[in-house]
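Chemist: One file: final_33.txt (compact mmCIF, C-alpha atoms).
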# COMPACT_ATOMS: atom_id res chain seq x y z
CA MET B 1 42.24 89.08 36.10
CA SER B 2 38.81 89.07 37.74
CA ARG B 3 36.98 92.41 37.59
CA ARG B 4 34.25 93.97 39.70
CA ILE B 5 31.45 94.60 37.20
CA LEU B 6 28.08 96.30 37.53
CA PHE B 7 25.64 94.68 35.07
CA LEU B 8 22.56 96.80 34.26
CA ALA B 9 19.63 95.32 32.33
CA HIS B 10 16.18 96.71 31.57
CA ARG B 11 14.71 93.19 31.82
CA ILE B 12 15.70 90.22 33.96
CA PRO B 13 18.08 88.06 31.87
CA TRP B 14 16.35 84.80 32.78
CA PRO B 15 14.66 82.77 31.44
CA PRO B 16 16.19 83.36 27.98
CA ASP B 17 12.83 83.00 26.23
CA LYS B 18 12.86 86.09 24.00
CA GLY B 19 15.43 87.84 21.86
CA ASP B 20 16.80 90.46 24.23
CA LYS B 21 16.81 88.09 27.25
CA LEU B 22 18.59 85.44 25.22
CA ARG B 23 21.36 87.91 24.41
CA SER B 24 21.61 89.46 27.88
CA PHE B 25 21.67 86.06 29.58
CA HIS B 26 24.63 84.86 27.52
CA TRP B 27 26.53 88.07 28.37
CA LEU B 28 25.69 87.73 32.07
CA ASP B 29 26.55 84.04 32.18
CA ARG B 30 29.94 84.65 30.57
CA LEU B 31 30.87 87.57 32.81
CA ALA B 32 29.50 86.21 36.08
CA ARG B 33 31.35 82.91 35.77
CA ARG B 34 34.67 84.73 35.41
CA HIS B 35 34.21 87.96 37.35
CA HIS B 36 32.56 89.51 40.42
CA VAL B 37 29.23 90.72 38.97
CA ARG B 38 26.46 92.67 40.63
CA LEU B 39 23.23 92.60 38.62
CA ALA B 40 20.55 95.31 38.74
CA CYS B 41 17.51 94.75 36.54
CA PHE B 42 13.76 95.17 36.20
CA VAL B 43 11.19 92.35 36.05
CA ASP B 44 8.19 93.07 33.81
CA ASP B 45 6.61 89.62 34.14
CA PRO B 46 5.73 88.76 37.77
CA ALA B 47 6.23 85.06 37.01
CA ASP B 48 9.91 85.74 36.36
CA MET B 49 10.54 86.73 39.98
CA ARG B 50 10.84 83.05 40.79
CA HIS B 51 14.06 82.95 38.76
CA VAL B 52 15.87 85.50 40.94
CA PRO B 53 17.39 82.81 43.25
CA ALA B 54 19.04 81.16 40.23
CA LEU B 55 20.61 84.49 39.27
CA ARG B 56 21.77 85.02 42.86
CA ALA B 57 23.59 81.70 42.65
CA LEU B 58 25.40 83.02 39.56
CA CYS B 59 26.10 86.62 40.60
CA ALA B 60 27.73 88.24 43.63
CA ASP B 61 24.54 90.22 44.23
CA VAL B 62 21.20 90.77 42.48
CA LEU B 63 18.60 93.53 42.65
CA ALA B 64 15.45 92.66 40.68
CA ILE B 65 12.77 95.35 40.77
CA PRO B 66 9.20 94.51 39.68
CA LEU B 67 7.96 96.76 36.87
CA ASP B 68 4.44 95.81 35.90
CA ARG B 69 2.39 97.15 33.02
CA ALA B 70 0.36 99.51 35.22
CA THR B 71 3.51 101.14 36.59
CA LYS B 72 4.92 101.54 33.08
CA LEU B 73 1.73 103.20 31.86
CA ARG B 74 1.56 105.52 34.87
CA ARG B 75 5.16 106.66 34.44
CA ALA B 76 4.74 107.07 30.68
CA ALA B 77 1.62 109.18 31.16
CA ALA B 78 3.36 111.36 33.74
CA SER B 79 6.23 111.93 31.31
CA LEU B 80 3.84 113.02 28.56
CA MET B 81 1.96 115.32 30.92
CA ARG B 82 5.20 117.14 31.74
CA GLY B 83 5.66 117.95 28.06
CA ARG B 84 9.08 119.15 27.00
CA SER B 85 10.43 118.95 30.54
CA GLY B 86 9.32 115.32 30.89
CA GLY B 87 12.13 113.77 28.86
CA SER B 88 11.63 110.51 27.01
CA ILE B 89 8.98 107.99 27.94
CA THR B 90 11.69 105.34 28.15
CA ALA B 91 13.72 107.36 30.67
CA ALA B 92 10.63 107.92 32.80
CA VAL B 93 9.55 104.27 32.76
CA TYR B 94 12.94 103.00 33.90
CA HIS B 95 13.75 105.73 36.45
CA ASP B 96 13.64 104.08 39.87
CA ALA B 97 14.88 105.47 43.19
CA GLU B 98 15.53 102.01 44.66
CA LEU B 99 17.85 101.10 41.81
CA TRP B 100 19.74 104.39 42.08
CA GLN B 101 20.25 103.81 45.81
CA ALA B 102 21.43 100.21 45.36
CA ILE B 103 24.04 101.23 42.79
CA GLU B 104 25.39 103.91 45.11
CA GLU B 105 25.57 101.49 48.06
CA TRP B 106 27.35 98.84 46.00
CA ARG B 107 29.83 101.39 44.67
CA ALA B 108 30.52 102.75 48.15
CA ALA B 109 31.24 99.23 49.41
CA ALA B 110 33.61 98.36 46.54
CA PRO B 111 34.21 100.59 43.49
CA PHE B 112 33.43 99.01 40.12
CA ASP B 113 36.15 98.22 37.60
CA ALA B 114 33.59 98.31 34.79
CA VAL B 115 29.93 99.06 34.18
CA PHE B 116 28.19 96.97 31.54
CA THR B 117 24.82 98.27 30.37
CA PHE B 118 22.32 96.23 28.41
CA SER B 119 19.85 98.47 26.52
CA SER B 120 19.96 102.23 26.11
CA ALA B 121 17.05 102.43 28.58
CA MET B 122 19.60 101.81 31.37
CA ALA B 123 22.21 104.27 30.07
CA PRO B 124 21.32 107.08 32.54
CA TYR B 125 22.33 104.84 35.46
CA ALA B 126 25.65 104.01 33.85
CA MET B 127 26.41 107.62 32.93
CA ALA B 128 26.04 108.62 36.58
CA THR B 129 28.14 105.75 37.97
CA PRO B 130 31.91 106.34 38.14
CA ALA B 131 34.07 103.48 36.86
CA PRO B 132 37.25 103.15 34.81
CA ARG B 133 35.37 101.50 31.94
CA HIS B 134 31.84 101.74 30.55
CA VAL B 135 30.42 99.44 27.85
CA ILE B 136 26.87 99.43 26.51
CA ASP B 137 25.04 96.96 24.29
CA VAL B 138 22.24 98.92 22.63
CA CYS B 139 21.51 95.84 20.48
CA ASP B 140 19.48 97.67 17.88
CA CYS B 141 18.15 101.07 16.94
CA ASP B 142 15.34 101.86 19.37
CA SER B 143 14.77 105.29 17.87
CA ARG B 144 14.16 103.71 14.47
CA LYS B 145 11.65 101.29 15.98
CA TRP B 146 9.62 104.17 17.43
CA LEU B 147 9.81 105.96 14.10
CA ASP B 148 8.48 102.81 12.41
CA TYR B 149 5.58 102.85 14.88
CA ALA B 150 4.92 106.51 14.03
CA GLU B 151 4.82 105.79 10.32
CA ARG B 152 2.25 103.02 10.86
CA SER B 153 0.00 104.95 13.27
CA GLY B 154 -2.47 107.79 13.03
CA ARG B 155 -2.61 110.87 15.20
CA PRO B 156 -2.26 111.45 18.08
CA MET B 157 -0.07 108.36 18.65
CA SER B 158 2.11 109.08 15.63
CA ALA B 159 3.16 112.36 17.28
CA VAL B 160 3.90 110.57 20.56
CA TYR B 161 6.00 107.93 18.82
CA ARG B 162 7.87 110.51 16.76
CA ARG B 163 8.70 112.52 19.87
CA GLU B 164 10.05 109.40 21.54
CA ALA B 165 12.14 108.62 18.47
CA ARG B 166 13.76 112.08 18.60
CA LEU B 167 14.60 111.79 22.30
CA LEU B 168 16.01 108.28 21.96
CA ARG B 169 18.09 109.39 18.98
CA ALA B 170 19.65 111.96 21.30
CA LEU B 171 20.41 109.24 23.84
CA GLU B 172 21.97 107.01 21.18
CA HIS B 173 24.30 109.81 20.10
CA GLU B 174 25.22 110.47 23.73
CA CYS B 175 26.06 106.79 24.20
CA LEU B 176 28.46 106.86 21.27
CA ARG B 177 30.16 109.94 22.70
CA ARG B 178 30.46 108.85 26.31
CA PHE B 179 30.85 105.06 26.45
CA ASP B 180 34.19 103.33 25.87
CA ALA B 181 32.47 100.73 23.69
CA VAL B 182 29.03 100.58 22.11
CA CYS B 183 27.76 97.23 20.83
CA VAL B 184 25.14 96.55 18.17
CA VAL B 185 23.87 93.28 16.75
CA ASN B 186 24.55 93.76 13.03
CA LYS B 187 25.72 96.11 10.30
CA ARG B 188 22.24 97.45 9.56
CA GLU B 189 21.75 98.63 13.13
CA ALA B 190 25.21 100.20 13.19
CA GLN B 191 24.47 102.14 10.02
CA GLN B 192 21.05 103.29 11.22
CA LEU B 193 22.31 104.28 14.66
CA PHE B 194 25.44 106.07 13.52
CA PRO B 195 25.37 106.50 9.72
CA MET B 196 28.30 108.92 9.71
CA HIS B 197 30.54 106.42 11.50
CA ALA B 198 29.50 102.85 10.73
CA THR B 199 30.84 101.32 7.54
CA PRO B 200 31.86 97.77 8.53
CA SER B 201 32.58 95.34 5.72
CA SER B 202 30.49 92.52 7.17
CA SER B 203 27.51 92.35 9.47
CA HIS B 204 29.15 89.38 11.16
CA SER B 205 32.49 91.04 11.95
CA ARG B 206 33.03 90.74 15.69
CA GLY B 207 34.93 93.88 16.53
CA PRO B 208 35.15 97.61 15.97
CA THR B 209 33.84 99.53 13.00
CA PRO B 210 35.86 102.50 11.69
CA THR B 211 34.50 104.41 14.71
CA THR B 212 36.66 102.68 17.28
CA ASN B 213 34.09 102.41 20.07
CA LEU B 214 31.24 101.05 17.89
CA ASN B 215 31.33 97.25 17.76
CA ILE B 216 29.23 94.62 16.01
CA ILE B 217 28.62 91.46 18.05
CA PRO B 218 26.05 89.13 16.45
CA ASN B 219 23.63 86.94 18.33
CA GLY B 220 24.45 83.27 18.62
CA VAL B 221 22.52 80.04 18.54
CA ASP B 222 22.99 76.48 19.78
CA CYS B 223 22.57 73.98 16.95
CA ALA B 224 20.20 71.10 17.69
CA PRO B 225 20.60 67.53 16.39
CA ILE B 226 19.41 67.13 12.81
CA THR B 227 15.96 65.58 12.45
CA PRO B 228 14.09 64.76 9.23
CA LEU B 229 11.49 67.16 7.89
CA PRO B 230 7.97 65.88 8.53
CA ALA B 231 5.70 65.23 5.56
CA GLU B 232 2.75 66.90 7.27
CA PRO B 233 2.23 70.50 6.09
CA ARG B 234 2.73 72.21 9.42
CA VAL B 235 3.83 75.84 9.42
CA GLY B 236 5.06 77.48 12.60
CA PHE B 237 5.77 80.85 14.17
CA VAL B 238 7.84 81.15 17.36
CA GLY B 239 8.13 84.37 19.30
CA ALA B 240 6.88 86.65 22.07
CA LEU B 241 3.14 86.99 21.53
CA ASP B 242 2.78 90.33 23.30
CA TYR B 243 5.37 92.16 21.17
CA ARG B 244 3.68 94.55 18.74
CA PRO B 245 5.71 93.72 15.59
CA ASN B 246 5.06 90.00 16.18
CA VAL B 247 1.35 90.59 16.78
CA ASP B 248 0.97 92.77 13.68
CA GLY B 249 2.92 90.27 11.59
CA LEU B 250 0.78 87.36 12.76
CA LYS B 251 -2.45 89.24 12.06
CA TRP B 252 -1.26 89.99 8.52
CA PHE B 253 -0.13 86.42 7.93
CA VAL B 254 -3.38 84.82 9.14
CA SER B 255 -5.66 87.26 7.33
CA GLU B 256 -3.75 87.76 4.07
CA VAL B 257 -1.33 84.88 3.56
CA TRP B 258 -2.83 81.85 5.26
CA PRO B 259 -6.07 81.69 3.19
CA ARG B 260 -3.91 81.52 0.03
CA VAL B 261 -1.91 78.65 1.51
CA ARG B 262 -5.03 76.79 2.55
CA ARG B 263 -6.55 77.09 -0.93
CA ASP B 264 -3.77 74.86 -2.26
CA ARG B 265 -3.21 72.85 0.92
CA PRO B 266 -6.48 72.62 2.89
CA ASP B 267 -4.80 70.15 5.24
CA ALA B 268 -2.12 72.68 6.28
CA GLU B 269 -1.84 73.73 9.93
CA PHE B 270 -0.35 76.91 11.36
CA HIS B 271 1.05 76.63 14.89
CA ILE B 272 1.62 79.83 16.91
CA ILE B 273 4.15 79.19 19.67
CA GLY B 274 5.19 81.62 22.38
CA ARG B 275 4.44 83.15 25.75
CA THR B 276 1.97 85.82 26.82
CA PRO B 277 -0.44 85.83 23.85
CA VAL B 278 -2.49 89.03 23.79
CA ARG B 279 -6.18 89.04 22.89
CA ALA B 280 -5.50 89.82 19.21
CA VAL B 281 -3.32 86.69 18.97
CA ARG B 282 -5.79 84.50 20.86
CA ARG B 283 -8.49 85.48 18.39
CA LEU B 284 -6.40 84.17 15.49
CA SER B 285 -6.89 80.59 16.68
CA GLY B 286 -10.46 80.78 15.36
CA ALA B 287 -9.22 80.79 11.76
CA ALA B 288 -9.23 77.53 9.81
CA GLY B 289 -6.15 75.43 10.49
CA VAL B 290 -4.66 77.87 13.02
CA ARG B 291 -3.63 76.54 16.44
CA LEU B 292 -2.40 78.64 19.35
CA ILE B 293 0.13 76.45 21.15
CA GLY B 294 1.24 79.10 23.62
CA PRO B 295 4.37 78.78 25.78
CA VAL B 296 6.44 75.60 25.87
CA ASP B 297 9.39 74.69 28.10
CA ASP B 298 11.34 72.98 25.31
CA LEU B 299 11.05 74.19 21.73
CA SER B 300 12.95 71.32 20.12
CA PRO B 301 9.99 68.88 19.99
CA ARG B 302 7.86 71.63 18.46
CA TYR B 303 10.44 72.40 15.80
CA ARG B 304 10.63 68.72 14.92
CA ARG B 305 6.91 68.75 14.10
CA LEU B 306 7.19 71.71 11.72
CA ARG B 307 8.02 71.53 8.05
CA ILE B 308 8.53 75.27 7.72
CA CYS B 309 8.88 78.33 9.96
CA VAL B 310 7.74 81.83 9.05
CA ALA B 311 8.78 85.31 10.18
CA PRO B 312 6.13 87.62 8.64
CA LEU B 313 7.25 90.83 10.37
CA HIS B 314 7.08 94.25 8.75
CA ILE B 315 8.92 95.97 11.60
CA ALA B 316 12.08 94.09 12.54
CA ARG B 317 14.96 95.59 14.47
CA GLY B 318 18.18 93.75 15.17
CA VAL B 319 18.43 90.02 14.60
CA GLN B 320 15.35 87.81 14.85
CA ASN B 321 16.60 84.91 16.93
CA LYS B 322 13.47 82.97 16.06
CA VAL B 323 14.88 82.66 12.54
CA LEU B 324 18.35 81.59 13.70
CA GLU B 325 16.81 78.97 15.98
CA ALA B 326 14.62 77.58 13.21
CA MET B 327 17.66 77.31 10.95
CA ALA B 328 19.67 75.67 13.73
CA HIS B 329 16.91 73.06 14.03
CA GLY B 330 17.10 72.39 10.30
CA ARG B 331 13.79 74.03 9.38
CA PRO B 332 13.35 76.05 6.17
CA VAL B 333 12.36 79.66 6.78
CA VAL B 334 10.20 82.13 4.87
CA ALA B 335 10.62 85.72 6.03
CA THR B 336 10.06 89.29 4.98
CA SER B 337 12.95 91.33 3.60
CA CYS B 338 13.32 93.43 6.77
CA VAL B 339 13.90 90.23 8.76
CA ALA B 340 16.37 88.88 6.19
CA ASP B 341 18.26 92.19 6.05
CA GLY B 342 18.91 92.00 9.79
CA LEU B 343 20.55 88.61 9.29
CA ASP B 344 22.50 89.47 6.16
CA ALA B 345 21.30 86.09 4.90
CA ARG B 346 21.07 85.39 1.19
CA ALA B 347 17.58 85.01 -0.24
CA GLY B 348 17.04 81.72 -2.01
CA GLU B 349 20.13 80.20 -0.44
CA HIS B 350 19.62 80.51 3.33
CA LEU B 351 15.91 81.34 3.38
CA LEU B 352 13.04 82.38 1.13
CA VAL B 353 12.10 86.06 1.18
CA ALA B 354 8.75 87.65 0.31
CA ASP B 355 6.98 90.86 1.30
CA ASN B 356 3.49 90.75 -0.21
CA ALA B 357 0.82 88.19 0.62
CA ALA B 358 0.82 86.41 -2.75
CA ASP B 359 4.60 85.97 -2.84
CA PHE B 360 4.75 84.92 0.81
CA ALA B 361 2.09 82.24 0.28
CA ARG B 362 3.85 81.06 -2.88
CA ALA B 363 7.15 80.73 -1.02
CA ALA B 364 5.53 78.79 1.82
CA LEU B 365 3.80 76.46 -0.62
CA GLN B 366 7.08 75.94 -2.44
CA VAL B 367 8.52 74.34 0.71
CA LEU B 368 5.34 72.54 1.72
CA GLN B 369 4.93 70.93 -1.68
CA SER B 370 8.52 70.49 -2.84
CA PRO B 371 10.29 67.12 -2.62
CA ASP B 372 11.98 66.46 0.71
CA ALA B 373 15.44 66.59 -0.87
CA LYS B 374 14.91 70.14 -2.18
CA ALA B 375 13.51 71.43 1.10
CA LYS B 376 16.33 69.72 2.98
CA THR B 377 18.95 71.41 0.80
CA LEU B 378 17.60 74.83 1.79
CA ALA B 379 17.50 73.84 5.45
CA ASP B 380 21.00 72.30 5.45
CA THR B 381 22.56 75.33 3.76
CA ALA B 382 21.01 77.64 6.33
CA ARG B 383 22.10 75.43 9.22
CA THR B 384 25.70 75.42 7.98
CA TRP B 385 25.64 79.21 7.66
CA VAL B 386 24.29 79.61 11.22
CA ARG B 387 27.02 77.38 12.62
CA GLN B 388 29.68 79.43 10.84
CA GLU B 389 28.40 82.92 11.61
CA HIS B 390 26.35 82.73 14.83
CA LEU B 391 28.18 80.93 17.61
CA TRP B 392 27.57 82.16 21.15
CA SER B 393 31.09 81.19 22.19
CA ALA B 394 32.69 83.62 19.74
CA SER B 395 30.27 86.44 20.54
CA CYS B 396 30.70 86.00 24.30
CA GLU B 397 34.46 86.13 23.97
CA ALA B 398 34.25 89.36 21.98
CA LEU B 399 31.93 90.89 24.57
CA GLU B 400 34.18 89.97 27.50
CA GLN B 401 37.19 91.47 25.76
CA LEU B 402 35.32 94.76 25.38
CA VAL B 403 34.13 94.87 28.99
CA CYS B 404 37.55 93.99 30.40
CA GLY B 405 39.57 96.14 28.04
CA GLU B 406 41.75 99.13 28.84
CA LEU B 407 40.34 101.01 31.82
CA HIS B 408 39.85 104.77 31.66
CA PRO B 409 37.25 107.17 33.07
CA MET B 410 34.03 108.01 31.25
CA PRO B 411 34.15 111.56 29.85
CA PRO B 412 32.05 113.93 31.99
CA SER B 413 28.75 115.20 30.66
CA GLU B 414 28.19 118.94 30.34
CA ASP B 415 24.72 118.35 31.75
CA SER B 416 23.40 115.41 33.75
CA ARG B 417 20.31 115.48 31.52
CA ALA B 418 22.28 115.77 28.29
CA PHE B 419 21.01 112.40 27.10
CA GLU B 420 17.48 113.86 26.90
CA ARG B 421 18.48 116.75 24.64
CA VAL B 422 18.30 116.34 20.86
CA PRO B 423 21.48 117.16 18.93
CA ALA B 424 21.10 119.10 15.68
CA LYS B 425 22.14 116.03 13.70
CA ALA B 426 19.43 113.94 15.34
CA ARG B 427 16.81 116.60 14.54
CA GLU B 428 17.81 116.41 10.89
CA GLU B 429 17.54 112.62 10.80
CA ILE B 430 14.05 112.37 12.33
CA PRO B 431 11.52 114.78 10.80
CA ALA B 432 8.78 116.33 12.90
Write out the structure in this file as structure tokens.

Modeler:
Amino acid sequence: MSRRILFLAHRIPWPPDKGDKLRSFHWLDRLARRHHVRLACFVDDPADMRHVPALRALCADVLAIPLDRATKLRRAAASLMRGRSGGSITAAVYHDAELWQAIEEWRAAAPFDAVFTFSSAMAPYAMATPAPRHVIDVCDCDSRKWLDYAERSGRPMSAVYRREARLLRALEHECLRRFDAVCVVNKREAQQLFPMHATPSSSHSRGPTPTTNLNIIPNGVDCAPITPLPAEPRVGFVGALDYRPNVDGLKWFVSEVWPRVRRDRPDAEFHIIGRTPVRAVRRLSGAAGVRLIGPVDDLSPRYRRLRICVAPLHIARGVQNKVLEAMAHGRPVVATSCVADGLDARAGEHLLVADNAADFARAALQVLQSPDAKAKTLADTARTWVRQEHLWSASCEALEQLVCGELHPMPPSEDSRAFERVPAKAREEIPA
């Protein structure tokens, strides 16, 4: 039976050119083709506003609100200036009167059967919107990401990041209490978000953990036709080039790993592929053998030119779709352990794993210099694993079943700002 669904997203789900948009687009596409969906989202890249008509053709209605960097910074600063009464930076950045009004007008015209929320940043809107069923996909542990930032930063930013981690931990606990279903991308994120509840047997189990409303739904990938590995020693990175973990990982790779690779293979090239490169990334193209490709409309031709893909991240939440896509294109992958842990992939069988510069360079050279048959075995094994464990069709079906499940009201909050308070358990988990 077709349902009336409110779909909330912190970022426009099109084009699917980065991890969160890839996931949110597949959820939206599945639901909108089968149900009456109203989409409310923010647009942080002005160029993406041109895609709104395509989403209007898919959905019953669309509200896309521009949210540029200057507005984000202004709202974040205002939140910090208010101190304890300011709530989280995330809540302040995504609080918008126009969006609140649109939701109320839509609901008044035709009550929603379900509210689907993508990202905990949009949870306050969902919590205030009556509907028989509420489902949220938090994807990964945002509070842990901010804590990672704190641990890698000096004062005063470490204190800012740690405060944000505490407040988002409170929101994550509130989501588990109040939503009918909470989705995460893998077992690691489930355990870090809700360690007292999440003990699933497999990170790829599509369905509930022992806490009945916590569900693991992995990302998917579309497998490309198999193409031979090129002989040329081209190494590639694919990802958003304005995302801090990607930027930090690239800087480390080019400064610490790449010179070791070039000592043994002076003809090697490193291609950096992705949209919105920040200044720190643009500067990397001055290093020997490093080329900044930038954004491309079709990644497949680029993958075909690469012999190996790398994921040198030291902060990695959720699943790195860049790794799944490389595997789906039949390219061997070298990644850090935090990336591999998010995939639950087996080191040495599905990908090569290394954390320090010497080991990472050695692993990359192993693929660059090994016979084609050996490199192909690693790539083929990974591609088979991806096809078995990461199909969008299976994940979309699981998501739709959650959204359209048994309908019952969301439990009322004792306080409309309860999501900004920090439970005692959360205070214990994140030290000051």

Chemist: Check the smallest atom-to-atom distance from each of B:Val333, B:Leu214, B:Val247, B:Val37 to B:Arg346 using only C-alpha atoms, then report the winner.

Modeler: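 Closest to B:Arg346 of all the choices is B:Val333.
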
Chemist: Which is closest to B:Thr384 among B:Glu349, B:Glu400, B:Asp267, B:Asp96, if we use all atoms listed in the file?

Modeler: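 Among the listed residues, the smallest separation from B:Thr384 belongs to B:Glu349.
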
Chemist: Kindly extract all protein, DNA and RNA residues lying within 9 Å of the coordinates (6.9, 79.9, 18.0) given in the file, considering only C-alpha atoms, and supply them as a count of residues only.

Modeler: 20

Chemist: Quote the spacing between atom CA of B:Val184 and atom CA of B:Lys18 in Å to one decimal place.

Modeler: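 Taking atom CA of B:Val184 and atom CA of B:Lys18, their separation equals 17.2 Å.
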
Chemist: Determine, counting all atoms listed in the file, which protein, DNA and RNA residues have an atom within 7 Å of an atom of B:Val185; residues of the same chain fewer than 6 positions away are not included. Present the result as a VMD selection string.

Modeler: chain B and resid 139 to 140 216 to 219 318 to 319

Chemist: Report the distance between atom CA of B:Arg144 and atom CA of B:Arg23 in Å, rounded to one decimal place.

Modeler: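 Separating atom CA of B:Arg144 from atom CA of B:Arg23 is a distance of 20.0 Å.
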
Chemist: Restricting the calculation to only C-alpha atoms, which member of B:Arg291, B:Val62, B:Gly83, B:Phe118 is positioned closest to B:Trp27?

Modeler: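 Residue with the minimum atom-to-atom distance to B:Trp27: B:Phe118.
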
Chemist: Counting all atoms listed in the file, which residues sit no farther than 10 Å from the position (24.0, 102.7, 35.2) in the file's frame? I'd like them as a PyMOL selection string.

Modeler: chain B and resi 6-9+40+99-100+103+115-118+120-130+134+136

Chemist: Tell me, in Å to one decimal, how far atom CA of B:Asp68 is from atom CA of B:Asp148.

Modeler: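 Computed distance, atom CA of B:Asp68 to atom CA of B:Asp148, equals 24.8 Å.
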
Chemist: Looking at B:Leu58, B:Leu168, B:Leu368, B:Val290, which one is nearest to B:Arg30, with distances taken over all atoms listed in the file?

Modeler: B:Leu58

Chemist: Identify which of the residues B:Val254, B:Asp298, B:Arg262, B:Gln401 lies closest to B:Ala280, counting all atoms listed in the file when measuring atom-to-atom distances.

Modeler: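 Closest to B:Ala280 of all the choices is B:Val254.
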
Chemist: Under the rule that all atoms listed in the file are counted, which of B:Ala54, B:Cys141, B:Val386, B:Val353 is the nearest residue to B:Glu172?

Modeler: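 Of the candidates, the smallest distance to B:Glu172 is held by B:Cys141.
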